[in-house]
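Asks: Have a peek at my_file32.cif (mmCIF, C-alpha atoms).
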data_query
#
loop_
_atom_site.label_atom_id
_atom_site.label_comp_id
_atom_site.auth_asym_id
_atom_site.auth_seq_id
_atom_site.Cartn_x
_atom_site.Cartn_y
_atom_site.Cartn_z
CA MET Z 29 2.66 9.20 16.89
CA LYS Z 30 2.90 11.97 14.30
CA THR Z 31 4.03 10.49 11.02
CA GLU Z 32 5.04 12.33 7.91
CA TYR Z 33 4.07 11.65 4.29
CA LEU Z 34 0.56 10.47 5.21
CA LEU Z 35 -2.71 12.04 4.14
CA SER Z 36 -5.78 12.49 6.29
CA ASN Z 37 -8.01 9.48 6.89
CA LYS Z 38 -10.84 11.10 4.92
CA PHE Z 39 -9.01 10.31 1.66
CA LYS Z 40 -9.28 6.56 2.31
CA ILE Z 41 -12.79 5.99 0.95
CA PRO Z 42 -12.40 8.25 -2.15
CA GLY Z 43 -9.14 6.37 -2.72
CA TRP Z 44 -10.85 2.98 -2.68
CA ILE Z 45 -13.57 4.22 -5.06
CA LEU Z 46 -10.97 5.63 -7.48
CA LEU Z 47 -8.82 2.50 -7.27
CA ILE Z 48 -11.71 0.09 -7.88
CA LEU Z 49 -13.00 2.25 -10.74
CA GLY Z 50 -9.51 2.30 -12.25
CA LEU Z 51 -9.11 -1.46 -11.89
CA VAL Z 52 -12.49 -2.15 -13.53
CA LEU Z 53 -11.60 0.18 -16.42
CA GLY Z 54 -8.13 -1.36 -16.60
CA VAL Z 55 -9.49 -4.92 -16.80
CA TYR Z 56 -11.94 -3.78 -19.52
CA GLU Z 57 -9.08 -2.16 -21.43
CA SER Z 58 -6.87 -5.22 -21.21
CA TYR Z 59 -9.74 -7.31 -22.68
CA ALA Z 60 -10.07 -4.69 -25.43
CA GLU Z 61 -6.31 -5.10 -26.06
CA PHE Z 62 -5.79 -1.43 -25.17
CA GLU Z 63 -7.40 -0.41 -28.45
CA SER Z 64 -10.91 0.67 -27.52
CA ASP Z 65 -12.25 3.75 -29.30
CA ILE Z 66 -14.18 5.25 -26.41
CA PHE Z 67 -13.32 8.84 -25.48
CA VAL Z 68 -11.18 9.47 -28.55
CA THR Z 69 -9.87 12.98 -28.29
CA LYS Z 70 -6.98 15.14 -29.37
CA VAL Z 71 -4.00 14.98 -27.05
CA LEU Z 72 -0.55 16.52 -27.00
CA ALA Z 73 2.09 13.87 -27.56
CA VAL Z 74 5.46 15.13 -26.35
CA PHE Z 75 7.02 12.22 -28.21
CA SER Z 76 5.39 10.00 -30.81
CA SER Z 77 6.93 7.24 -32.84
CA GLY Z 78 4.24 7.53 -35.53
CA LEU Z 79 3.63 3.87 -36.24
CA GLY Z 80 2.48 2.82 -32.80
CA PHE Z 81 4.28 1.15 -29.98
CA LEU Z 82 5.71 -1.91 -31.65
CA GLY Z 83 5.43 -0.78 -35.26
CA SER Z 84 8.56 -0.88 -37.36
CA SER Z 85 9.22 2.79 -36.75
CA SER Z 86 12.30 4.32 -38.20
CA GLU Z 87 13.78 7.44 -36.74
CA GLU Z 88 12.27 9.81 -39.32
CA ASN Z 89 8.78 8.89 -38.10
CA ASN Z 90 9.58 10.17 -34.64
CA THR Z 91 7.95 13.49 -33.88
CA PHE Z 92 7.94 15.77 -30.90
CA PHE Z 93 5.13 17.94 -29.51
CA ARG Z 94 2.50 16.81 -31.99
CA ILE Z 95 -1.28 16.82 -31.53
CA ILE Z 96 -2.55 13.27 -32.10
CA GLU Z 97 -5.88 11.48 -31.70
CA ASN Z 98 -6.02 8.89 -28.97
CA SER Z 99 -8.57 7.02 -26.85
CA ILE Z 100 -7.89 8.37 -23.39
CA ILE Z 101 -9.75 5.58 -21.56
CA ASP Z 102 -6.52 3.72 -20.76
CA GLU Z 103 -4.91 6.94 -19.53
CA ILE Z 104 -7.90 7.55 -17.25
CA ALA Z 105 -7.71 3.97 -15.95
CA ALA Z 106 -3.96 4.24 -15.27
CA LEU Z 107 -4.27 7.57 -13.46
CA ALA Z 108 -7.23 6.30 -11.42
CA ILE Z 109 -5.24 3.24 -10.30
CA ILE Z 110 -2.16 5.33 -9.49
CA PHE Z 111 -3.91 8.11 -7.56
CA GLY Z 112 -6.51 5.76 -6.00
CA GLY Z 113 -3.74 3.41 -4.93
CA LEU Z 114 -1.66 6.24 -3.46
CA LEU Z 115 -4.66 7.55 -1.52
CA VAL Z 116 -5.51 4.09 -0.18
CA GLY Z 117 -1.94 3.18 0.69
CA PHE Z 118 -0.82 6.49 2.13
CA SER Z 119 -3.73 7.96 4.01
CA ARG Z 120 -3.87 7.53 7.76
CA GLU Z 121 -5.81 4.75 9.42
CA LYS Z 122 -8.63 5.79 11.78
CA VAL Z 123 -6.18 5.16 14.62
CA GLU Z 124 -2.70 5.62 13.22
CA ASP Z 125 0.01 4.59 15.66
CA GLU Z 126 3.56 3.32 15.65
CA PHE Z 127 2.57 -0.33 15.12
CA ILE Z 128 0.36 0.47 12.11
CA TYR Z 129 3.17 2.61 10.70
CA LYS Z 130 5.56 -0.32 11.13
CA LEU Z 131 3.09 -2.61 9.32
CA ARG Z 132 2.94 -0.07 6.49
CA LYS Z 133 6.72 0.09 6.18
CA ASP Z 134 7.12 -3.69 6.37
CA SER Z 135 4.45 -4.11 3.68
CA LEU Z 136 6.27 -1.65 1.42
CA VAL Z 137 9.55 -3.54 1.74
CA TRP Z 138 7.75 -6.85 1.15
CA ALA Z 139 5.89 -5.49 -1.88
CA ILE Z 140 9.01 -4.12 -3.58
CA ILE Z 141 10.98 -7.35 -3.06
CA PHE Z 142 8.03 -9.55 -4.11
CA ASN Z 143 7.37 -7.38 -7.18
CA TYR Z 144 10.95 -7.56 -8.43
CA VAL Z 145 11.26 -11.30 -7.77
CA ILE Z 146 8.16 -11.80 -9.94
CA LEU Z 147 9.52 -9.36 -12.54
CA ALA Z 148 12.87 -11.14 -12.61
CA LEU Z 149 11.08 -14.46 -13.20
CA THR Z 150 9.05 -12.97 -16.04
CA VAL Z 151 12.23 -11.50 -17.58
CA VAL Z 152 13.62 -15.02 -17.76
CA PHE Z 153 10.46 -16.91 -18.70
CA VAL Z 154 8.25 -14.51 -20.72
CA TYR Z 155 9.25 -13.42 -24.21
CA GLU Z 156 8.17 -11.39 -27.20
CA PHE Z 157 4.86 -9.54 -27.15
CA SER Z 158 3.66 -11.22 -23.92
CA PHE Z 159 6.40 -9.36 -22.10
CA PHE Z 160 4.73 -6.10 -23.10
CA ASN Z 161 1.72 -7.21 -21.01
CA VAL Z 162 4.04 -7.92 -18.09
CA LEU Z 163 5.39 -4.38 -18.35
CA VAL Z 164 1.88 -2.93 -18.43
CA TYR Z 165 0.84 -4.78 -15.27
CA ASN Z 166 4.16 -4.06 -13.62
CA MET Z 167 3.38 -0.33 -13.68
CA PHE Z 168 0.81 -1.00 -10.96
CA THR Z 169 1.82 -4.17 -9.14
CA PRO Z 170 4.21 -2.58 -6.58
CA LEU Z 171 1.37 -0.38 -5.33
CA LEU Z 172 -1.22 -3.17 -5.48
CA PHE Z 173 1.02 -5.74 -3.75
CA PHE Z 174 1.69 -3.15 -1.03
CA ILE Z 175 -2.02 -2.43 -0.46
CA ILE Z 176 -2.92 -6.13 -0.39
CA ARG Z 177 -0.05 -6.99 1.98
CA PHE Z 178 -0.76 -4.06 4.32
CA ASN Z 179 -4.45 -4.85 4.61
CA PHE Z 180 -3.68 -8.55 5.08
CA LEU Z 181 -1.24 -7.85 7.93
CA LYS Z 182 -3.65 -5.37 9.51
CA ALA Z 183 -6.54 -7.85 9.38
CA ARG Z 184 -4.37 -10.61 10.86
CA ALA Z 185 -2.98 -8.45 13.70
CA MET V 8 10.54 -9.25 25.41
CA LYS V 9 7.69 -10.55 27.56
CA ASN V 10 5.05 -8.53 29.33
CA ASN V 11 2.24 -8.76 31.86
CA ILE V 12 -0.25 -6.62 29.96
CA LYS V 13 -2.80 -9.42 29.58
CA ILE V 14 -2.71 -10.13 33.34
CA GLU V 15 -2.94 -6.44 34.22
CA ARG V 16 -5.82 -6.04 31.79
CA ALA V 17 -7.67 -8.89 33.46
CA ARG V 18 -6.99 -7.38 36.89
CA HIS V 19 -8.49 -4.08 35.76
CA ASP V 20 -11.27 -5.85 33.85
CA MET V 21 -10.35 -4.24 30.54
CA THR V 22 -10.60 -5.55 27.00
CA GLN V 23 -7.87 -4.93 24.43
CA ALA V 24 -10.12 -2.30 22.88
CA ASP V 25 -10.62 -0.53 26.24
CA LEU V 26 -6.89 -0.36 26.81
CA ALA V 27 -6.25 0.79 23.23
CA ASP V 28 -8.82 3.58 23.63
CA LYS V 29 -7.31 4.81 26.89
CA ILE V 30 -3.78 4.89 25.49
CA GLY V 31 -4.86 6.23 22.10
CA VAL V 32 -3.51 3.42 19.94
CA SER V 33 -5.15 0.79 17.73
CA ARG V 34 -6.49 -2.47 19.14
CA GLN V 35 -4.13 -4.31 16.78
CA SER V 36 -1.17 -2.68 18.53
CA ILE V 37 -2.24 -3.91 21.97
CA ASN V 38 -2.82 -7.40 20.58
CA ALA V 39 0.60 -7.47 18.88
CA ILE V 40 2.35 -6.18 22.02
CA GLU V 41 0.59 -8.72 24.26
CA LYS V 42 1.58 -11.58 22.01
CA GLY V 43 5.18 -10.35 21.97
CA LYS V 44 5.07 -9.78 18.20
CA TYR V 45 5.78 -6.08 18.55
CA ILE V 46 8.06 -4.29 21.00
CA PRO V 47 6.53 -0.89 21.75
CA SER V 48 8.48 2.35 21.75
CA ALA V 49 9.70 3.62 25.13
CA LEU V 50 6.95 6.24 25.06
CA LEU V 51 4.16 3.72 24.52
CA ALA V 52 5.60 1.33 27.15
CA ILE V 53 5.66 4.17 29.72
CA LYS V 54 2.08 5.17 28.85
CA ILE V 55 0.81 1.61 29.39
CA ALA V 56 2.79 1.21 32.63
CA GLN V 57 1.48 4.54 33.96
CA LEU V 58 -2.09 3.52 33.23
CA PHE V 59 -1.68 0.41 35.39
CA LYS V 60 0.30 2.45 37.97
CA LEU V 61 3.34 0.21 37.54
CA SER V 62 6.92 0.86 36.57
CA VAL V 63 7.94 -0.17 33.08
CA GLU V 64 10.17 -2.90 34.54
CA GLU V 65 7.22 -4.42 36.36
CA LEU V 66 5.25 -4.67 33.13
CA PHE V 67 7.91 -5.49 30.55
CA PHE V 68 10.89 -7.80 31.03
CA PRO V 69 13.45 -9.11 28.60
CA GLU V 70 13.67 -12.84 27.98
CA PRO V 71 16.93 -14.63 28.84
CA GLY V 72 19.53 -13.96 26.18
CA GLU V 73 17.97 -10.66 25.06
#
Would you write out, as structure tokens, the structure that this file holds?
Replies:
Amino acid sequence: MKTEYLLSNKFKIPGWILLILGLVLGVYESYAEFESDIFVTKVLAVFSSGLGFLGSSSEENNTFFRIIENSIIDEIAALAIIFGGLLVGFSREKVEDEFIYKLRKDSLVWAIIFNYVILALTVVFVYEFSFFNVLVYNMFTPLLFFIIRFNFLKARA
Amino acid sequence: MKNNIKIERARHDMTQADLADKIGVSRQSINAIEKGKYIPSALLAIKIAQLFKLSVEELFFPEPGE
């Protein structure tokens, strides 16, 4: 069956490599509290609140289109997880057919519902700065839950 | 919906992988269809029936109440 929105199967392995690399970097970064000083370089900040994410920034500290210095290791990790995850999740299987496509769709529905149930629970039960961590992980969990669920269903079928 | 694919496979001495190869689908699909976990599209049902030289009705039949 011809299915839209899917990439060629040859993107699967590069996707896994990128995803695993991103996850390793991401785990390292979360241990370094997102403040490592590797790969510090000048970047263009479209919006910057001056005093950092949770600093007591007042509105006059806000700047637009400013060149700032930043360690780009967390950006690399995030992009690797996002693009690696997309390649893994949305490239064709070796034999892509209607049943595999159904598994993929079912896994997506499951992942979105599961992700938001977990998020809703953390909204109720996690407070203050810990919730910032929840938000960081939640950028990636829909994609990761989907990939895990899809591969689990495929292995079980 | 029930089906006789497993019986027909045995009659033709085919494994799930053999059948999957001939039809051009994944082995998982054949397994899921055999177990009744997945109802194939009309196109796939016809392809399987044609391979065994049967009509679709001889291979697939709805369960009572369906």
Asks: Using the chain letters and residue numbers of this document, give as a VMD selection string the residues selected by the PyMOL selection byres ((chain V) within 9 of (chain Z)).
Replies: chain V and resid 31 to 36 38 to 39 45 to 48 51
Asks: Considering all atoms listed in the file, return as JSON, numbers by chain whatever protein or nucleic-acid residues lie within 12 Å of Ile104 in chain Z, sequence-local ones (same chain, fewer than 5 positions apart) excluded.
Replies: {"Z": [46, 47, 49, 50, 51, 52, 53, 54, 57, 66, 67, 68, 98, 99, 109, 110, 111, 112]}
Asks: Given all atoms listed in the file as the basis, pick out the residue of Z:Tyr56, Z:Glu63, Z:Ser119, Z:Leu114 nearest to Phe39 in chain Z.
Replies: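 So, comparing all the options, the nearest one is Z:Ser119.
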Asks: Neighbours of Lys40 in chain Z within 8 Å (all atoms listed in the file; same-chain residues fewer than 6 positions away dropped), as a VMD selection string?
Replies: chain Z and resid 115 to 116 119 to 120
Asks: Could you tell me how far CA of Met8 in chain V sits from CA of Glu70 in chain V, in Å to one decimal place?
Replies: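 One can read the CA of Glu70 in chain V to CA of Met8 in chain V distance as 5.4 Å.
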Asks: Name all residues at most 9 Å from range 14-23 of chain V (count only C-alpha atoms; drop same-chain ones fewer than 2 positions away) and give them as a list in words.
Replies: Asn10, Asn11, Ile12, Asp25, Leu26, Ala27, Asp28, Arg34, Gln35, Ile37, Asn38, Phe59 and Leu66 of chain V
Asks: Put those residues in a file: C-alpha atoms, as a CSV table (one decimal), in the frame of the given file.
Replies:
chain,number,residue,atom,x,y,z
V,10,ASN,CA,5.0,-8.5,29.3
V,11,ASN,CA,2.2,-8.8,31.9
V,12,ILE,CA,-0.2,-6.6,30.0
V,25,ASP,CA,-10.6,-0.5,26.2
V,26,LEU,CA,-6.9,-0.4,26.8
V,27,ALA,CA,-6.2,0.8,23.2
V,28,ASP,CA,-8.8,3.6,23.6
V,34,ARG,CA,-6.5,-2.5,19.1
V,35,GLN,CA,-4.1,-4.3,16.8
V,37,ILE,CA,-2.2,-3.9,22.0
V,38,ASN,CA,-2.8,-7.4,20.6
V,59,PHE,CA,-1.7,0.4,35.4
V,66,LEU,CA,5.2,-4.7,33.1
Asks: Have a look at CA of Lys38 in chain Z and CA of Phe180 in chain Z and let me know their distance in Å, one decimal.
Replies: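 Answer for the CA of Lys38 in chain Z to CA of Phe180 in chain Z separation: 20.9 Å.
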Asks: Go ahead and compute the interatomic distance for CA of Glu61 in chain Z and CA of Ile141 in chain Z, in Å to one decimal.
Replies: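 Separating CA of Glu61 in chain Z from CA of Ile141 in chain Z is a distance of 28.9 Å.
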Asks: Expand the PyMOL selection byres ((chain Z and resi 33) around 9) into the explicit residue set it covers here, and present it as number ranges by chain.
Replies: Z: 31-32, 34-35, 118-119
Asks: I would like the residues chosen by the PyMOL selection byres ((chain V and resi 52) around 10) on the shown file; could you give them as a CSV table (one decimal) with C-alpha atoms, in the coordinates of the input?
Replies:
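Contents of the output file part22.csv:
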chain,number,residue,atom,x,y,z
V,40,ILE,CA,2.4,-6.2,22.0
V,46,ILE,CA,8.1,-4.3,21.0
V,47,PRO,CA,6.5,-0.9,21.8
V,48,SER,CA,8.5,2.4,21.8
V,49,ALA,CA,9.7,3.6,25.1
V,50,LEU,CA,7.0,6.2,25.1
V,51,LEU,CA,4.2,3.7,24.5
V,53,ILE,CA,5.7,4.2,29.7
V,54,LYS,CA,2.1,5.2,28.8
V,55,ILE,CA,0.8,1.6,29.4
V,56,ALA,CA,2.8,1.2,32.6
V,57,GLN,CA,1.5,4.5,34.0
V,62,SER,CA,6.9,0.9,36.6
V,63,VAL,CA,7.9,-0.2,33.1
V,64,GLU,CA,10.2,-2.9,34.5
V,66,LEU,CA,5.2,-4.7,33.1
V,67,PHE,CA,7.9,-5.5,30.6
Asks: What would the list of residues within 12 Å of (7.5, -12.7, -12.8) (file frame) look like as a PyMOL selection string, if all atoms listed in the file are what count?
Replies: chain Z and resi 141-155+158-159+161-163+165-166+169
